[in-house]
$ cat structure-v1.tsv   # TSV, C-alpha atoms
chain	number	residue	atom	x	y	z
N	1	MET	CA	-41.86	-12.82	23.47
N	2	SER	CA	-40.13	-9.79	24.93
N	3	GLU	CA	-36.83	-11.67	24.61
N	4	LEU	CA	-37.46	-12.17	20.89
N	5	LYS	CA	-38.32	-8.51	20.56
N	6	ARG	CA	-35.07	-7.52	22.24
N	7	ILE	CA	-33.03	-9.78	19.96
N	8	LEU	CA	-34.78	-8.38	16.89
N	9	SER	CA	-34.33	-4.79	17.97
N	10	ILE	CA	-30.60	-5.42	18.26
N	11	SER	CA	-30.09	-7.46	15.12
N	12	ILE	CA	-32.34	-5.70	12.62
N	13	PRO	CA	-30.35	-2.44	12.55
N	14	LEU	CA	-27.11	-4.38	12.10
N	15	ILE	CA	-28.63	-6.48	9.32
N	16	LEU	CA	-29.90	-3.33	7.59
N	17	ILE	CA	-26.50	-1.68	7.80
N	18	CYS	CA	-24.89	-4.81	6.32
N	19	ILE	CA	-27.41	-4.92	3.47
N	20	ILE	CA	-26.85	-1.26	2.60
N	21	SER	CA	-23.07	-1.69	2.80
N	22	GLY	CA	-23.25	-4.76	0.63
N	23	ALA	CA	-25.26	-2.94	-2.00
N	24	THR	CA	-22.86	0.03	-1.97
N	25	LEU	CA	-19.89	-2.29	-2.37
N	26	ALA	CA	-21.56	-4.18	-5.21
N	27	LEU	CA	-22.14	-0.87	-6.94
N	28	SER	CA	-18.54	0.33	-6.53
N	29	PHE	CA	-17.23	-3.06	-7.61
N	30	ASP	CA	-19.32	-2.80	-10.74
N	31	LEU	CA	-18.16	0.76	-11.40
N	32	THR	CA	-14.48	-0.12	-11.13
N	33	LYS	CA	-14.50	-3.67	-12.52
N	34	GLU	CA	-13.77	-2.76	-16.15
N	35	ARG	CA	-11.15	-0.25	-15.20
N	36	ILE	CA	-9.31	-2.65	-12.87
N	37	ARG	CA	-9.33	-5.37	-15.50
N	38	GLU	CA	-7.81	-2.93	-18.00
N	39	VAL	CA	-5.15	-1.89	-15.51
N	40	GLU	CA	-4.22	-5.50	-14.78
N	41	GLU	CA	-4.14	-6.37	-18.47
N	42	ARG	CA	-1.99	-3.34	-19.25
N	43	LYS	CA	0.46	-4.47	-16.58
N	44	ILE	CA	0.80	-7.84	-18.28
N	45	THR	CA	1.11	-6.36	-21.79
N	46	GLU	CA	3.68	-3.83	-20.59
N	47	SER	CA	5.75	-6.49	-18.92
N	48	LEU	CA	5.57	-8.71	-22.00
N	49	ALA	CA	6.63	-5.84	-24.23
N	50	SER	CA	9.53	-4.98	-21.96
N	51	ILE	CA	11.03	-8.47	-22.09
N	52	PHE	CA	10.37	-9.14	-25.79
N	53	PRO	CA	9.99	-5.85	-27.68
N	54	ASP	CA	8.56	-6.10	-31.22
N	55	ALA	CA	7.23	-9.60	-30.70
N	56	SER	CA	3.73	-10.98	-30.65
N	57	PHE	CA	2.39	-13.34	-28.04
N	58	ARG	CA	0.08	-16.30	-28.11
N	59	LYS	CA	-1.34	-17.52	-24.83
N	60	THR	CA	-0.63	-21.23	-24.48
N	61	GLY	CA	-1.98	-22.54	-21.19
N	62	GLU	CA	0.05	-21.04	-18.35
N	63	TYR	CA	2.64	-19.32	-20.53
N	64	TYR	CA	2.87	-17.18	-23.65
N	65	THR	CA	4.55	-18.38	-26.79
N	66	VAL	CA	6.64	-15.58	-28.26
N	67	LEU	CA	6.53	-15.09	-32.00
N	68	VAL	CA	8.71	-12.89	-34.19
N	69	ASN	CA	7.62	-12.76	-37.83
N	70	GLY	CA	5.50	-15.83	-37.25
N	71	GLU	CA	8.36	-17.88	-35.88
N	72	GLU	CA	8.49	-19.19	-32.32
N	73	ILE	CA	11.51	-17.83	-30.53
N	74	GLY	CA	10.72	-18.48	-26.90
N	75	TYR	CA	8.31	-18.28	-24.02
N	76	ALA	CA	7.16	-15.68	-21.53
N	77	PHE	CA	5.59	-16.59	-18.19
N	78	LEU	CA	4.81	-15.26	-14.76
N	79	ALA	CA	6.86	-16.54	-11.82
N	80	GLU	CA	5.56	-16.00	-8.35
N	81	GLY	CA	6.86	-16.77	-4.87
N	82	GLN	CA	7.66	-15.63	-1.38
N	83	GLY	CA	10.18	-12.80	-1.04
N	84	TYR	CA	11.65	-11.29	2.12
N	85	SER	CA	8.27	-9.75	2.86
N	86	GLY	CA	5.29	-10.61	0.71
N	87	THR	CA	4.97	-12.12	-2.72
N	88	ILE	CA	7.28	-11.31	-5.60
N	89	LYS	CA	5.67	-11.62	-9.02
N	90	THR	CA	7.82	-11.33	-12.08
N	91	MET	CA	7.49	-11.80	-15.82
N	92	VAL	CA	10.25	-13.96	-17.28
N	93	GLY	CA	11.30	-14.33	-20.90
N	94	LEU	CA	12.96	-17.56	-21.96
N	95	TYR	CA	14.50	-18.30	-25.38
N	96	GLN	CA	14.00	-21.73	-26.87
N	97	ASN	CA	17.67	-22.61	-26.31
N	98	GLY	CA	17.19	-22.31	-22.56
N	99	THR	CA	18.77	-18.90	-21.96
N	100	LEU	CA	16.87	-16.02	-20.42
N	101	SER	CA	15.91	-12.96	-22.40
N	102	HIS	CA	14.86	-10.63	-19.58
N	103	ILE	CA	12.94	-10.47	-16.35
N	104	TYR	CA	10.52	-7.74	-15.35
N	105	VAL	CA	9.20	-7.51	-11.79
N	106	VAL	CA	5.44	-7.00	-11.90
N	107	SER	CA	4.81	-6.63	-8.17
N	108	GLN	CA	6.77	-6.95	-4.94
N	109	LEU	CA	6.55	-5.78	-1.35
N	110	GLU	CA	10.23	-5.84	-0.33
N	111	THR	CA	11.85	-3.41	2.08
N	112	PRO	CA	11.80	0.02	0.43
N	113	GLY	CA	15.27	1.13	-0.60
N	114	LEU	CA	16.92	-2.23	0.05
N	115	GLY	CA	14.91	-5.18	-1.23
N	116	THR	CA	13.05	-3.02	-3.74
N	117	ARG	CA	16.30	-2.63	-5.66
N	118	ILE	CA	15.54	-6.04	-7.23
N	119	ILE	CA	13.37	-4.15	-9.72
N	120	GLU	CA	16.23	-1.94	-10.88
N	121	PRO	CA	17.86	-2.68	-14.25
N	122	GLU	CA	21.33	-3.01	-12.62
N	123	PHE	CA	20.00	-6.13	-10.94
N	124	THR	CA	17.51	-7.49	-13.48
N	125	ASN	CA	19.84	-7.06	-16.47
N	126	GLN	CA	22.05	-9.73	-14.93
N	127	PHE	CA	19.48	-12.35	-15.86
N	128	SER	CA	19.66	-11.62	-19.59
N	129	GLY	CA	21.53	-14.24	-21.55
N	130	LYS	CA	22.10	-16.53	-18.56
N	131	ARG	CA	21.35	-20.24	-18.70
N	132	ILE	CA	18.71	-21.52	-16.29
N	133	GLU	CA	21.32	-23.55	-14.34
N	134	ASP	CA	23.36	-20.41	-13.68
N	135	LEU	CA	20.47	-18.65	-11.98
N	136	ARG	CA	21.91	-18.86	-8.46
N	137	LEU	CA	23.67	-16.31	-6.35
N	138	ARG	CA	27.41	-16.20	-6.95
N	139	ARG	CA	28.15	-17.44	-3.45
N	140	GLU	CA	26.00	-20.47	-4.22
N	141	GLY	CA	27.78	-21.32	-7.42
N	142	GLY	CA	25.68	-19.28	-9.83
N	143	LEU	CA	26.29	-16.12	-11.82
N	144	ILE	CA	23.94	-13.61	-10.14
N	145	ASP	CA	25.44	-10.91	-7.93
N	146	SER	CA	23.25	-10.21	-4.93
N	147	ILE	CA	22.39	-6.68	-3.84
N	148	THR	CA	24.37	-5.47	-0.83
N	149	GLY	CA	22.09	-5.52	2.20
N	150	ALA	CA	19.36	-7.44	0.40
N	151	THR	CA	20.71	-10.96	0.02
N	152	ILE	CA	17.42	-12.59	0.97
N	153	SER	CA	15.43	-10.64	-1.61
N	154	SER	CA	18.07	-11.29	-4.26
N	155	ARG	CA	18.11	-15.00	-3.49
N	156	ALA	CA	14.30	-15.16	-3.39
N	157	ILE	CA	13.78	-13.68	-6.83
N	158	THR	CA	16.60	-15.74	-8.33
N	159	GLU	CA	15.10	-18.94	-6.92
N	160	ILE	CA	11.59	-17.96	-8.02
N	161	VAL	CA	12.74	-17.33	-11.59
N	162	ARG	CA	14.86	-20.51	-11.76
N	163	THR	CA	12.24	-22.90	-10.34
N	164	ARG	CA	9.52	-21.61	-12.63
N	165	ALA	CA	11.81	-21.57	-15.67
N	166	GLU	CA	12.71	-25.21	-15.03
N	167	VAL	CA	9.04	-26.15	-14.86
N	168	ILE	CA	8.26	-24.30	-18.09
N	169	ARG	CA	11.26	-25.80	-19.87
N	170	ASN	CA	10.09	-29.31	-18.98
N	171	GLU	CA	6.60	-28.53	-20.20
N	172	THR	CA	7.61	-27.21	-23.60
D	1	MET	CA	-17.28	27.25	18.60
D	2	LYS	CA	-17.60	25.04	15.51
D	3	LEU	CA	-14.28	25.81	13.91
D	4	ASP	CA	-12.59	24.28	16.94
D	5	GLU	CA	-13.84	20.89	15.82
D	6	LEU	CA	-11.77	21.31	12.68
D	7	THR	CA	-8.56	22.73	14.11
D	8	LYS	CA	-8.34	20.57	17.19
D	9	GLY	CA	-7.47	17.52	15.11
D	10	VAL	CA	-4.74	19.36	13.26
D	11	PHE	CA	-2.92	20.85	16.24
D	12	LYS	CA	-4.20	20.50	19.79
D	13	TYR	CA	-5.38	16.88	19.60
D	14	ASN	CA	-3.31	15.72	16.66
D	15	PRO	CA	-4.12	12.01	16.26
D	16	VAL	CA	-0.49	11.03	15.95
D	17	PHE	CA	1.41	13.34	18.25
D	18	TYR	CA	-1.22	13.89	20.92
D	19	LEU	CA	-3.52	10.85	20.80
D	20	VAL	CA	-0.68	8.55	19.56
D	21	LEU	CA	-3.05	6.56	17.34
D	22	GLY	CA	-2.58	4.93	13.95
D	23	LEU	CA	1.13	4.27	14.34
D	24	CYS	CA	1.10	1.07	12.24
D	25	PRO	CA	0.48	2.73	8.86
D	26	LEU	CA	2.58	5.62	10.06
D	27	LEU	CA	5.63	3.38	10.46
D	28	ALA	CA	5.06	1.43	7.28
D	29	VAL	CA	4.09	4.07	4.74
D	30	SER	CA	6.19	7.05	5.83
D	31	THR	CA	9.25	6.08	3.80
D	32	ARG	CA	8.36	8.27	0.84
D	33	VAL	CA	6.43	11.52	0.71
D	34	ASP	CA	4.21	10.53	-2.23
D	35	ASN	CA	3.21	7.26	-0.57
D	36	ALA	CA	2.45	9.18	2.61
D	37	LEU	CA	0.30	11.67	0.69
D	38	GLY	CA	-1.65	8.91	-1.04
D	39	MET	CA	-2.16	7.02	2.19
D	40	SER	CA	-3.34	10.07	4.10
D	41	LEU	CA	-5.80	11.01	1.34
D	42	GLY	CA	-7.27	7.53	1.69
D	43	VAL	CA	-7.46	7.88	5.45
D	44	LEU	CA	-9.01	11.35	5.14
D	45	PHE	CA	-11.73	10.04	2.83
D	46	VAL	CA	-12.56	7.08	5.04
D	47	LEU	CA	-12.48	9.18	8.20
D	48	VAL	CA	-14.82	11.84	6.83
D	49	GLY	CA	-17.13	9.27	5.27
D	50	SER	CA	-17.43	7.05	8.32
D	51	ASN	CA	-17.75	9.99	10.73
D	52	VAL	CA	-20.62	11.47	8.72
D	53	ILE	CA	-22.49	8.18	8.16
D	54	ILE	CA	-22.11	7.06	11.75
D	55	SER	CA	-23.27	10.42	13.00
D	56	VAL	CA	-26.32	10.24	10.72
D	57	ILE	CA	-27.34	6.74	11.79
D	58	LYS	CA	-26.27	6.97	15.44
D	59	GLN	CA	-29.80	7.08	16.88
D	60	TRP	CA	-30.72	3.78	15.19
D	61	ILE	CA	-27.63	1.87	16.29
D	62	PRO	CA	-28.35	-0.32	19.33
D	63	PRO	CA	-25.50	0.19	21.84
D	64	GLU	CA	-24.95	-3.60	22.13
D	65	VAL	CA	-23.86	-3.92	18.49
D	66	ARG	CA	-22.39	-0.48	17.90
D	67	ILE	CA	-18.88	-1.86	17.32
D	68	PRO	CA	-19.88	-4.28	14.52
D	69	CYS	CA	-21.95	-1.48	12.99
D	70	PHE	CA	-18.98	0.91	13.01
D	71	ILE	CA	-16.68	-1.72	11.55
D	72	VAL	CA	-19.09	-2.50	8.71
D	73	VAL	CA	-19.38	1.18	7.80
D	74	ILE	CA	-15.61	1.75	8.01
D	75	ALA	CA	-14.76	-1.42	6.09
D	76	SER	CA	-17.16	-0.44	3.30
D	77	PHE	CA	-15.48	2.94	2.86
D	78	VAL	CA	-12.05	1.31	2.89
D	79	THR	CA	-13.08	-1.20	0.23
D	80	ILE	CA	-14.42	1.63	-1.92
D	81	VAL	CA	-11.08	3.46	-1.60
D	82	ASP	CA	-9.22	0.23	-2.40
D	83	LEU	CA	-11.28	-0.46	-5.54
D	84	PHE	CA	-11.07	3.08	-6.91
D	85	MET	CA	-7.37	3.40	-6.12
D	86	HIS	CA	-6.73	0.11	-7.93
D	87	GLY	CA	-8.57	1.38	-10.99
D	88	TYR	CA	-7.50	5.00	-11.11
D	89	ALA	CA	-4.13	5.17	-9.30
D	90	PRO	CA	-2.68	1.71	-9.97
D	91	GLU	CA	0.93	2.71	-9.26
D	92	LEU	CA	0.11	4.16	-5.89
D	93	HIS	CA	-2.08	1.16	-5.18
D	94	ALA	CA	0.77	-1.19	-5.99
D	95	ARG	CA	3.20	0.71	-3.77
D	96	LEU	CA	0.86	0.94	-0.77
D	97	GLY	CA	-0.10	-2.70	-1.18
D	98	ILE	CA	-1.64	-4.26	1.89
D	99	TYR	CA	-1.75	-0.93	3.76
D	100	VAL	CA	-4.81	0.26	1.86
D	101	PRO	CA	-7.12	-2.54	3.10
D	102	LEU	CA	-5.47	-2.19	6.50
D	103	ILE	CA	-6.95	1.31	6.86
D	104	VAL	CA	-9.91	-0.63	8.32
D	105	VAL	CA	-7.96	-1.21	11.49
D	106	ASN	CA	-6.45	2.26	11.65
D	107	CYS	CA	-7.45	3.12	15.20
D	108	ILE	CA	-7.80	6.85	14.47
D	109	ILE	CA	-10.90	6.13	12.39
D	110	PHE	CA	-12.43	3.79	14.90
D	111	ALA	CA	-11.60	6.06	17.80
D	112	ARG	CA	-13.31	9.03	16.16
D	113	ALA	CA	-16.40	6.93	15.40
D	114	GLU	CA	-16.66	5.68	18.95
D	115	ALA	CA	-15.55	8.77	20.84
D	116	PHE	CA	-16.93	11.52	18.64
D	117	ALA	CA	-19.22	10.75	15.70
D	118	SER	CA	-21.56	8.52	17.72
D	119	LYS	CA	-22.17	11.34	20.20
D	120	ASN	CA	-22.12	14.53	18.13
D	121	PRO	CA	-24.21	16.14	15.39
D	122	VAL	CA	-23.40	15.53	11.72
D	123	SER	CA	-21.82	18.92	11.01
D	124	HIS	CA	-19.44	18.61	13.96
D	125	SER	CA	-18.54	15.06	12.96
D	126	LEU	CA	-17.78	16.20	9.43
D	127	LEU	CA	-15.43	18.90	10.71
D	128	ASP	CA	-13.89	16.49	13.20
D	129	GLY	CA	-13.21	13.99	10.41
D	130	ILE	CA	-11.63	16.60	8.16
D	131	GLY	CA	-9.52	17.96	11.02
D	132	MET	CA	-8.29	14.58	12.22
D	133	GLY	CA	-7.60	13.53	8.62
D	134	ILE	CA	-5.54	16.64	7.97
D	135	GLY	CA	-3.79	16.16	11.30
D	136	PHE	CA	-2.83	12.64	10.27
D	137	MET	CA	-1.69	13.95	6.89
D	138	PHE	CA	0.53	16.61	8.49
D	139	ALA	CA	2.08	14.01	10.74
D	140	ILE	CA	2.72	11.30	8.17
D	141	VAL	CA	3.92	13.67	5.46
D	142	GLY	CA	6.19	15.44	7.97
D	143	ILE	CA	7.72	12.17	9.11
D	144	ALA	CA	8.01	10.93	5.53
D	145	SER	CA	9.87	14.09	4.44
D	146	VAL	CA	12.47	13.62	7.18
D	147	ARG	CA	12.85	9.92	6.40
D	148	GLU	CA	12.97	10.29	2.62
D	149	VAL	CA	15.57	13.05	2.70
D	150	LEU	CA	17.81	11.29	5.22
D	151	SER	CA	17.47	7.80	3.77
D	152	THR	CA	17.85	8.53	0.07
D	153	GLY	CA	19.69	11.83	0.11
D	154	LYS	CA	17.07	13.41	-2.12
D	155	MET	CA	13.36	14.11	-2.33
D	156	THR	CA	11.06	13.45	-5.28
D	157	ILE	CA	7.31	13.84	-5.20
D	158	PHE	CA	5.34	12.31	-8.08
D	159	GLY	CA	8.39	12.53	-10.31
D	160	TYR	CA	9.31	16.12	-9.47
D	161	THR	CA	12.65	16.52	-7.74
D	162	LEU	CA	12.34	18.93	-4.82
D	163	ILE	CA	15.74	18.29	-3.31
D	164	PRO	CA	18.46	16.99	-5.66
D	165	GLN	CA	20.83	14.24	-4.56
D	166	PHE	CA	23.22	15.71	-1.97
D	167	THR	CA	24.96	12.62	-0.65
D	168	GLN	CA	25.98	9.25	-2.03
D	169	SER	CA	25.90	7.52	1.37
D	170	PRO	CA	22.52	8.26	2.94
D	171	ALA	CA	21.45	6.90	6.34
D	172	MET	CA	19.84	3.59	5.40
D	173	VAL	CA	18.52	3.07	8.93
D	174	MET	CA	15.97	5.83	8.34
D	175	LEU	CA	14.23	3.62	5.77
D	176	LEU	CA	13.72	0.81	8.23
D	177	PRO	CA	11.26	0.78	11.17
D	178	PRO	CA	13.85	2.16	13.66
D	179	GLY	CA	14.11	5.25	11.47
D	180	ALA	CA	10.38	5.82	11.85
D	181	PHE	CA	10.57	5.47	15.63
D	182	LEU	CA	13.54	7.84	15.81
D	183	THR	CA	11.72	10.43	13.71
D	184	ILE	CA	8.44	10.19	15.62
D	185	ALA	CA	10.24	10.34	18.95
D	186	SER	CA	12.31	13.37	17.95
D	187	ILE	CA	9.26	15.29	16.72
D	188	MET	CA	7.29	14.40	19.85
D	189	ALA	CA	10.19	15.44	22.09
D	190	LEU	CA	10.31	18.77	20.28
D	191	ILE	CA	6.57	19.30	20.68
D	192	ASN	CA	6.64	18.39	24.36
D	193	TYR	CA	9.64	20.63	24.94
D	194	LYS	CA	7.77	23.55	23.37
D	195	LYS	CA	4.71	22.78	25.51
D	196	THR	CA	6.73	22.64	28.72
D	197	MET	CA	8.48	25.90	27.91
D	198	LYS	CA	5.12	27.53	27.32
D	199	LYS	CA	3.75	26.25	30.62
D	200	GLU	CA	6.80	27.46	32.52
D	201	LYS	CA	6.37	30.94	31.09
D	202	GLU	CA	2.83	31.04	32.35
$ encode --input "structure-v1.tsv" --output "structure tokens"
Amino acid sequence: MSELKRILSISIPLILICIISGATLALSFDLTKERIREVEERKITESLASIFPDASFRKTGEYYTVLVNGEEIGYAFLAEGQGYSGTIKTMVGLYQNGTLSHIYVVSQLETPGLGTRIIEPEFTNQFSGKRIEDLRLRREGGLIDSITGATISSRAITEIVRTRAEVIRNET
Amino acid sequence: MKLDELTKGVFKYNPVFYLVLGLCPLLAVSTRVDNALGMSLGVLFVLVGSNVIISVIKQWIPPEVRIPCFIVVIASFVTIVDLFMHGYAPELHARLGIYVPLIVVNCIIFARAEAFASKNPVSHSLLDGIGMGIGFMFAIVGIASVREVLSTGKMTIFGYTLIPQFTQSPAMVMLLPPGAFLTIASIMALINYKKTMKKEKE
């Protein structure tokens, strides 16, 4: 009996603390839920607008069909994969003829100042107008120049975009 | 004297330079001044919150499970910071990434809960939390200023340029972990040199 009492006297305070914490977290989750959803949605809309300005989008399964004046001109989709450190997530725009319109990096955790340069226009603009097959680093027979000092990050994002673009092309 | 509880964390027992705690976020987030500021505000909030709560509930915490209790309290504050930062400072949240949730294991916070808040009255714990938080902020922002200026050749805080570009070939090594070690070591050497000189005078 005294053993049970001892166990209870230890566990009850911990259980109470957990319950109160849980309730507090539920409350803060509820308070921020709407706001976080908006932020995430805005990220997607912004990235869509930056790769296809003045177009409208229709969500079709895993990708967006891009419409200009009611006509389908291409597709937009998220490509995701492992970078040098952490996941790289990027929005990709693909015209119906199989060339890329633009890419826009949504999130990445590369080395600041080196790998993070994959988000800069000097690098991402290279993808515009390229065919999917040419999305390889130049040293690997493609047409993408890697960033000095960040070959792994450059290769990672190029591969991520190409693999996903191939999948989407086969689906459409 | 109560005010001591506040100032000791900033200078005499600075968590970074004297206690040498919390070096993981210090290395990772001190590449840019605005990231460092955001990170240290998060740490300050968690530190003050957990210190106060733990000090309030300390008489009900059984010593056998005090560590799980502290962790639950700290983790709750960290999750609150993470959620609100995601909603209201999404850019900062995206840049700090995994280092926001990792505040949970920032040993400064845990050390202050265990060594101070669980033994001292609420008001002292509050001051201790503020002091240690500001001490951490001084340290990380100081290190970040050195690293940002040397590694990019300029300094911009939240879009405002404080120091315009002065070189086209900045020291890239300062961006990488070795740069953080070099900076921390140099600042510590300077502090210890000053201390030794002071002692010798006495």
$ atom_distance --input "structure-v1.tsv" --atom1 "CA of Ser2 (chain N)" --atom2 "CA of Ile54 (chain D)"
28.0 Å
$ closest_residue --input "structure-v1.tsv" --among "D:Met188, D:Val56, D:Val20, D:Ala28" --to "Met174 (chain D)" --atoms "all atoms listed in the file"
D:Ala28
$ atom_distance --input "structure-v1.tsv" --atom1 "CA of Leu102 (chain D)" --atom2 "CA of Glu38 (chain N)"
24.6 Å
$ atom_distance --input "structure-v1.tsv" --atom1 "CA of Val106 (chain N)" --atom2 "CA of Thr90 (chain N)"
4.9 Å
$ interface_residues --input "structure-v1.tsv" --of "chain N" --to "chain D" --cutoff "7 Å" --atoms "only C-alpha atoms" --output "compact mmCIF listing (two decimals) with C-alpha atoms, in the coordinates of the input"
# COMPACT_ATOMS: atom_id res chain seq x y z
CA ILE N 10 -30.60 -5.42 18.26
CA PRO N 13 -30.35 -2.44 12.55
CA LEU N 14 -27.11 -4.38 12.10
CA ILE N 17 -26.50 -1.68 7.80
CA CYS N 18 -24.89 -4.81 6.32
CA SER N 21 -23.07 -1.69 2.80
CA LEU N 25 -19.89 -2.29 -2.37
CA SER N 28 -18.54 0.33 -6.53
CA PHE N 29 -17.23 -3.06 -7.61
CA THR N 32 -14.48 -0.12 -11.13
CA ARG N 35 -11.15 -0.25 -15.20
CA ILE N 36 -9.31 -2.65 -12.87
CA VAL N 39 -5.15 -1.89 -15.51
CA PRO N 112 11.80 0.02 0.43
CA GLY N 113 15.27 1.13 -0.60
$ decode --input "structure-v1.tsv" --residues "region 113-128 of chain N" --atoms "C-alpha atoms" --output "PDB file, in the first residue's frame"
ATOM      1  CA  GLY N 113      26.225  31.970 -48.252  1.00  0.00           C
ATOM      2  CA  LEU N 114      27.259  28.965 -50.330  1.00  0.00           C
ATOM      3  CA  GLY N 115      24.450  26.483 -50.914  1.00  0.00           C
ATOM      4  CA  THR N 116      21.783  29.108 -50.297  1.00  0.00           C
ATOM      5  CA  ARG N 117      22.831  30.782 -53.534  1.00  0.00           C
ATOM      6  CA  ILE N 118      20.631  28.210 -55.329  1.00  0.00           C
ATOM      7  CA  ILE N 119      17.716  30.546 -54.588  1.00  0.00           C
ATOM      8  CA  GLU N 120      19.316  33.491 -56.377  1.00  0.00           C
ATOM      9  CA  PRO N 121      18.027  34.454 -59.839  1.00  0.00           C
ATOM     10  CA  GLU N 122      21.539  34.096 -61.360  1.00  0.00           C
ATOM     11  CA  PHE N 123      21.215  30.382 -60.683  1.00  0.00           C
ATOM     12  CA  THR N 124      17.484  29.747 -61.052  1.00  0.00           C
ATOM     13  CA  ASN N 125      17.149  31.736 -64.290  1.00  0.00           C
ATOM     14  CA  GLN N 126      19.314  29.095 -65.948  1.00  0.00           C
ATOM     15  CA  PHE N 127      16.405  26.673 -65.798  1.00  0.00           C
ATOM     16  CA  SER N 128      14.099  28.854 -67.889  1.00  0.00           C
TER      17      SER N 128
END
